[in-house]
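Visitor: See structure_37.tsv below, with TSV, C-alpha atoms and all ligand atoms.
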```tsv
chain	number	residue	atom	x	y	z
E	1	MET	CA	103.74	115.47	124.53
E	2	SER	CA	100.81	116.10	122.16
E	3	ALA	CA	97.96	113.62	121.98
E	4	GLY	CA	98.13	111.12	119.13
E	5	ARG	CA	95.95	111.12	116.07
E	6	PHE	CA	93.27	108.53	115.50
E	7	ILE	CA	92.97	107.29	111.91
E	8	THR	CA	90.46	104.69	110.76
E	9	LEU	CA	90.12	102.78	107.51
E	10	GLU	CA	86.75	101.76	106.15
E	11	GLY	CA	85.13	100.23	103.10
E	12	ILE	CA	83.31	97.17	101.87
E	13	GLU	CA	85.21	93.90	101.53
E	14	GLY	CA	87.83	93.94	98.77
E	15	ALA	CA	88.10	97.75	98.62
E	16	GLY	CA	91.83	97.74	99.43
E	17	LYS	CA	92.04	98.56	103.16
E	18	SER	CA	94.67	95.99	104.06
E	19	THR	CA	97.23	97.00	101.43
E	20	SER	CA	96.74	100.64	102.34
E	21	LEU	CA	97.12	99.90	106.04
E	22	GLU	CA	100.60	98.56	105.38
E	23	PHE	CA	101.43	101.62	103.31
E	24	ILE	CA	100.26	104.00	106.07
E	25	GLN	CA	102.32	102.07	108.59
E	26	ARG	CA	105.42	102.47	106.41
E	27	GLN	CA	104.74	106.20	106.02
E	28	LEU	CA	104.43	106.75	109.76
E	29	ARG	CA	107.51	104.67	110.43
E	30	SER	CA	109.50	106.68	107.88
E	31	VAL	CA	108.77	109.94	109.71
E	32	GLY	CA	109.30	108.37	113.16
E	33	ILE	CA	105.76	108.70	114.47
E	34	PRO	CA	105.02	106.10	117.17
E	35	HIS	CA	101.86	104.27	116.26
E	36	LEU	CA	99.60	101.38	117.06
E	37	VAL	CA	98.03	99.44	114.21
E	38	THR	CA	94.95	97.53	115.20
E	39	ARG	CA	91.58	96.36	113.97
E	40	GLU	CA	87.91	95.96	114.81
E	41	PRO	CA	86.24	93.83	115.76
E	42	GLY	CA	89.38	92.70	117.61
E	43	GLY	CA	92.52	94.33	118.92
E	44	THR	CA	92.40	92.77	122.41
E	45	ASP	CA	92.10	89.17	123.68
E	46	LEU	CA	88.42	89.69	124.38
E	47	GLY	CA	87.87	91.56	121.10
E	48	GLU	CA	89.55	88.83	119.06
E	49	ALA	CA	87.40	86.19	120.80
E	50	LEU	CA	84.31	88.24	119.95
E	51	ARG	CA	85.56	88.62	116.38
E	52	GLU	CA	85.79	84.84	116.09
E	53	ILE	CA	82.15	84.58	117.20
E	54	LEU	CA	80.95	87.45	115.00
E	55	LEU	CA	82.69	86.34	111.81
E	56	HIS	CA	82.47	82.56	112.01
E	57	ARG	CA	80.48	81.42	109.04
E	58	ASN	CA	78.74	78.62	110.97
E	59	ARG	CA	77.54	80.97	113.71
E	60	THR	CA	74.06	81.43	112.33
E	61	GLY	CA	71.16	82.92	114.26
E	62	ILE	CA	72.93	85.90	115.87
E	63	CYS	CA	70.12	88.45	116.14
E	64	VAL	CA	70.71	91.99	114.95
E	65	ASP	CA	70.80	93.53	118.43
E	66	SER	CA	73.26	90.91	119.67
E	67	GLU	CA	75.51	91.59	116.70
E	68	LEU	CA	75.37	95.32	117.37
E	69	LEU	CA	76.05	94.96	121.10
E	70	LEU	CA	78.92	92.52	120.57
E	71	MET	CA	80.55	95.02	118.18
E	72	PHE	CA	80.34	97.66	120.90
E	73	ALA	CA	81.45	95.25	123.63
E	74	ALA	CA	84.60	94.56	121.61
E	75	ARG	CA	84.99	98.31	121.02
E	76	ALA	CA	84.63	99.22	124.71
E	77	GLN	CA	87.42	96.80	125.59
E	78	HIS	CA	89.57	98.00	122.71
E	79	LEU	CA	89.20	101.65	123.75
E	80	ASP	CA	89.92	100.88	127.39
E	81	GLU	CA	92.87	98.54	126.89
E	82	ARG	CA	94.60	99.88	123.82
E	83	ILE	CA	93.24	102.87	121.91
E	84	ARG	CA	92.87	105.44	124.70
E	85	PRO	CA	96.18	104.55	126.41
E	86	ALA	CA	98.02	104.78	123.07
E	87	LEU	CA	96.51	108.16	122.20
E	88	GLU	CA	97.19	109.50	125.70
E	89	ASP	CA	100.82	108.39	125.29
E	90	GLY	CA	101.11	110.46	122.11
E	91	SER	CA	101.00	107.48	119.75
E	92	TRP	CA	98.91	107.55	116.63
E	93	VAL	CA	96.35	104.82	116.27
E	94	VAL	CA	95.55	103.35	112.87
E	95	CYS	CA	92.50	101.15	113.12
E	96	ASP	CA	91.14	98.86	110.42
E	97	ARG	CA	87.42	99.67	110.83
E	98	PHE	CA	85.69	101.45	113.70
E	99	THR	CA	82.21	102.85	114.39
E	100	ASP	CA	81.59	103.99	110.81
E	101	ALA	CA	81.50	100.25	110.03
E	102	THR	CA	78.75	99.81	112.60
E	103	TYR	CA	76.66	102.54	110.97
E	104	ALA	CA	77.32	101.00	107.54
E	105	TYR	CA	76.87	97.28	108.34
E	106	GLN	CA	74.47	97.14	111.29
E	107	GLY	CA	72.75	100.39	110.24
E	108	GLY	CA	72.78	100.31	106.42
E	109	GLY	CA	73.13	96.55	106.02
E	110	ARG	CA	70.89	95.26	108.81
E	111	GLY	CA	68.53	98.22	109.17
E	112	VAL	CA	69.29	99.35	112.75
E	113	PRO	CA	68.29	103.04	113.01
E	114	ASP	CA	71.27	105.41	113.22
E	115	GLU	CA	69.86	106.98	116.40
E	116	ARG	CA	70.12	103.67	118.22
E	117	ILE	CA	73.74	103.23	117.16
E	118	ARG	CA	74.45	106.83	118.21
E	119	ILE	CA	73.35	106.05	121.77
E	120	LEU	CA	75.93	103.27	122.00
E	121	GLU	CA	78.58	105.39	120.28
E	122	ASN	CA	78.14	108.18	122.85
E	123	TRP	CA	78.03	105.72	125.73
E	124	VAL	CA	81.12	103.72	124.78
E	125	GLN	CA	83.24	106.43	123.20
E	126	GLY	CA	82.23	109.57	125.04
E	127	GLU	CA	83.67	112.40	122.94
E	128	LEU	CA	86.23	110.28	121.12
E	129	ARG	CA	85.87	110.19	117.32
E	130	PRO	CA	88.46	109.45	114.63
E	131	ASP	CA	90.46	112.48	113.45
E	132	LEU	CA	90.61	111.05	109.95
E	133	THR	CA	88.78	108.24	108.19
E	134	LEU	CA	89.87	106.89	104.83
E	135	LEU	CA	86.92	105.34	103.07
E	136	PHE	CA	87.96	102.98	100.29
E	137	ASP	CA	85.14	102.86	97.82
E	138	ILE	CA	84.66	100.29	95.10
E	139	PRO	CA	81.65	98.91	93.19
E	140	VAL	CA	80.25	95.97	95.13
E	141	ASP	CA	80.74	93.36	92.41
E	142	GLN	CA	84.42	94.29	92.04
E	143	GLY	CA	85.02	94.30	95.80
E	144	LEU	CA	83.34	90.95	96.34
E	145	ALA	CA	85.23	89.42	93.41
E	146	ARG	CA	88.52	90.51	94.98
E	147	ALA	CA	87.54	89.38	98.48
E	148	GLY	CA	86.28	86.03	97.14
E	149	LYS	CA	89.74	85.21	95.79
E	150	ARG	CA	91.35	85.62	99.22
E	151	SER	CA	89.65	83.11	101.49
E	152	ALA	CA	86.45	81.24	102.29
E	153	PRO	CA	83.66	83.77	102.95
E	154	ASP	CA	83.06	84.71	106.61
E	155	ARG	CA	79.59	85.34	108.08
E	156	PHE	CA	79.39	88.85	106.58
E	157	GLU	CA	80.90	87.93	103.23
E	158	ARG	CA	78.13	85.36	102.80
E	159	GLU	CA	75.57	88.15	102.58
E	160	GLN	CA	73.94	88.97	99.23
E	161	GLN	CA	75.09	91.73	96.92
E	162	GLU	CA	72.12	93.94	97.96
E	163	PHE	CA	73.38	93.92	101.58
E	164	PHE	CA	76.73	95.34	100.44
E	165	GLU	CA	75.02	97.87	98.18
E	166	ARG	CA	73.23	99.20	101.28
E	167	VAL	CA	76.51	99.17	103.26
E	168	ARG	CA	78.27	101.07	100.48
E	169	ARG	CA	75.47	103.64	100.20
E	170	HIS	CA	75.56	104.20	103.96
E	171	TYR	CA	79.32	104.74	103.91
E	172	LEU	CA	79.06	107.23	101.03
E	173	ALA	CA	76.20	109.09	102.73
E	174	ALA	CA	78.32	109.37	105.91
E	175	ALA	CA	81.22	110.74	103.85
E	176	ALA	CA	78.92	113.31	102.25
E	177	CYS	CA	77.84	114.47	105.74
E	178	GLU	CA	81.37	114.70	107.11
E	179	PRO	CA	83.65	115.43	104.14
E	180	SER	CA	86.53	116.84	106.17
E	181	ARG	CA	86.85	113.76	108.38
E	182	ILE	CA	85.85	111.03	105.93
E	183	ARG	CA	87.97	111.12	102.75
E	184	VAL	CA	86.80	108.87	99.96
E	185	ILE	CA	89.48	107.04	97.99
E	186	ASP	CA	88.60	105.26	94.78
E	187	GLY	CA	89.55	101.65	95.49
E	188	ALA	CA	89.48	100.84	91.78
E	189	LEU	CA	92.55	103.05	91.12
E	190	THR	CA	95.95	101.41	90.68
E	191	PRO	CA	97.87	100.71	93.90
E	192	ASP	CA	100.29	103.55	93.04
E	193	GLN	CA	97.44	106.02	92.54
E	194	VAL	CA	95.83	104.96	95.82
E	195	GLN	CA	99.14	105.47	97.62
E	196	ASP	CA	99.55	108.94	96.08
E	197	ARG	CA	96.11	109.91	97.36
E	198	ILE	CA	96.91	108.63	100.84
E	199	ARG	CA	100.27	110.40	100.88
E	200	VAL	CA	98.61	113.74	100.05
E	201	ILE	CA	95.93	113.30	102.71
E	202	LEU	CA	98.45	112.26	105.37
E	203	GLN	CA	100.60	115.33	104.64
E	204	GLU	CA	97.84	117.47	106.14
E	205	PHE	CA	98.07	115.54	109.39
E	206	LEU	CA	101.79	115.04	109.78
E	207	PRO	CA	103.55	117.42	112.19
W	301	LIG	P1	87.39	92.74	108.09
W	301	LIG	O1	87.81	93.76	109.08
W	301	LIG	O2	88.32	91.61	108.00
W	301	LIG	O3	87.04	93.33	106.78
W	301	LIG	O4	86.03	92.03	108.63
W	301	LIG	C1	85.28	92.51	109.63
W	301	LIG	C2	83.82	92.32	109.28
W	301	LIG	O5	83.05	92.81	110.37
W	301	LIG	C3	83.39	93.09	108.04
W	301	LIG	O6	82.53	92.28	107.27
W	301	LIG	C4	82.60	94.24	108.60
W	301	LIG	C5	82.08	93.73	109.91
W	301	LIG	N1	81.88	94.78	110.93
W	301	LIG	C6	80.60	95.15	111.27
W	301	LIG	O7	79.64	94.59	110.72
W	301	LIG	N2	80.41	96.12	112.21
W	301	LIG	C7	81.46	96.74	112.84
W	301	LIG	O8	81.24	97.62	113.69
W	301	LIG	C8	82.79	96.35	112.47
W	301	LIG	C9	83.95	96.99	113.16
W	301	LIG	C10	82.96	95.36	111.53
```
Rewrite the structure from the file as structure tokens, please.
Guide:
Amino acid sequence: MSAGRFITLEGIEGAGKSTSLEFIQRQLRSVGIPHLVTREPGGTDLGEALREILLHRNRTGICVDSELLLMFAARAQHLDERIRPALEDGSWVVCDRFTDATYAYQGGGRGVPDERIRILENWVQGELRPDLTLLFDIPVDQGLARAGKRSAPDRFEREQQEFFERVRRHYLAAAACEPSRIRVIDGALTPDQVQDRIRVILQEFLP
């Protein structure tokens, strides 16, 4: 059996990841590809407990290095318990956020140098990188307006617009460096247009 494919979804809040995740899941189901849909931070008992800590809006005072290390602690567990076993079994893994989010949020947003994040990436992931990353891109004010309608802001969503501008710029710079892995999708398109884009991109990857 061939190894599964590893697909990640990225973007600032409100860019349209969640709707697209459901669409991708339907596409994979329709062609009978076994797959695991998961998210970061989270995806395991430990990861979800860490997510609760990392996102809780009252959890103030988490220093930048703690935030970074907790993201990778959750990721190490996720890789060990779920992602690697699924891929080795031949399943595809569709993950809502992964290490590109760490470069964008802890790197771009919080100012951690990329080289420091790269050390943790190599340590925790070894050679493993996503095969495909869909980056949903939307102007920050539009994304935050959408996200604001959904629920009370979490610890990240309480950040200022400038934080998300830095996150967005970091994501787009990463996409410019790795255009064949990171495909940018305009999150301001209609849902039908977004789905058409995803369908075309997935075609390249389907057996
Ligand atoms: P979401 O997945 O519901 O959008 O929320 C997760 C939040 O966690 C989001 O604001 C981005 C943030 N995050 C990081 O800051 N670094 C990371 O490595 C990951 C995976 C998420």
Visitor: Tell me, as a compact mmCIF listing (two decimals) with C-alpha atoms, in the coordinates of the input, which residues lie within 7 Å of range 69-81 of chain E, counting all atoms listed in the file; anything in the same chain fewer than 4 positions away does not count.
Guide:
```txt
# COMPACT_ATOMS: atom_id res chain seq x y z
CA PRO E 41 86.24 93.83 115.76
CA GLY E 42 89.38 92.70 117.61
CA GLY E 43 92.52 94.33 118.92
CA THR E 44 92.40 92.77 122.41
CA LEU E 46 88.42 89.69 124.38
CA GLY E 47 87.87 91.56 121.10
CA LEU E 50 84.31 88.24 119.95
CA ASP E 65 70.80 93.53 118.43
CA PRO E 85 96.18 104.55 126.41
CA VAL E 124 81.12 103.72 124.78
```
Visitor: Work out how far CA of Ala104 in chain E is from CA of Ile119 in chain E, in Å to one decimal.
Guide: 15.6 Å
Visitor: Which residues sit within 8 Å of ligand LIG 301 (chain W), counting all atoms listed in the file, listed as an MDAnalysis selection string?
Guide: chainID E and resid 12:13 39:41 51 54:55 67:68 71:72 96:106 154:157
Visitor: Tell me, as a list in words, which residues lie within 10 Å of Asp141 in chain E, counting all atoms listed in the file; anything in the same chain fewer than 5 positions away does not count.
Guide: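 What passes the distance filter is Gly14, Arg146, Ala147, Gln161, Phe164 and Glu165 of chain E.
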Visitor: Go ahead and write the residues just picked, C-alpha atoms, as a PDB file, in the coordinates of the input.
Guide:
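Everything below was put into part.pdb:
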```pdb
ATOM      1  CA  GLY E  14      87.830  93.940  98.770  1.00  0.00           C
ATOM      2  CA  ARG E 146      88.520  90.510  94.980  1.00  0.00           C
ATOM      3  CA  ALA E 147      87.540  89.380  98.480  1.00  0.00           C
ATOM      4  CA  GLN E 161      75.090  91.730  96.920  1.00  0.00           C
ATOM      5  CA  PHE E 164      76.730  95.340 100.440  1.00  0.00           C
ATOM      6  CA  GLU E 165      75.020  97.870  98.180  1.00  0.00           C
TER       7      GLU E 165
END
```
Visitor: Show which residues sit within 8 Å of Pro130 in chain E, as a list in words. Count only C-alpha atoms, and ignore same-chain residues fewer than 5 positions away.
Guide: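 In the requested form, the answer reads Arg5, Phe6, Ile7, Thr8 and Arg181 of chain E.
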Visitor: Just write the chosen residues, C-alpha atoms, as a PDB file, keeping the file's coordinate frame.
Guide:
```
ATOM      1  CA  ARG E   5      95.950 111.120 116.070  1.00  0.00           C
ATOM      2  CA  PHE E   6      93.270 108.530 115.500  1.00  0.00           C
ATOM      3  CA  ILE E   7      92.970 107.290 111.910  1.00  0.00           C
ATOM      4  CA  THR E   8      90.460 104.690 110.760  1.00  0.00           C
ATOM      5  CA  ARG E 181      86.850 113.760 108.380  1.00  0.00           C
TER       6      ARG E 181
END
```
Visitor: Write out as a list in words which residues come within 10 Å of Pro34 in chain E when counting only C-alpha atoms, dropping same-chain ones fewer than 6 positions away.
Guide: Gly4, Gln25, Leu28, Ala86, Asp89, Gly90, Ser91, Trp92 and Val93 of chain E
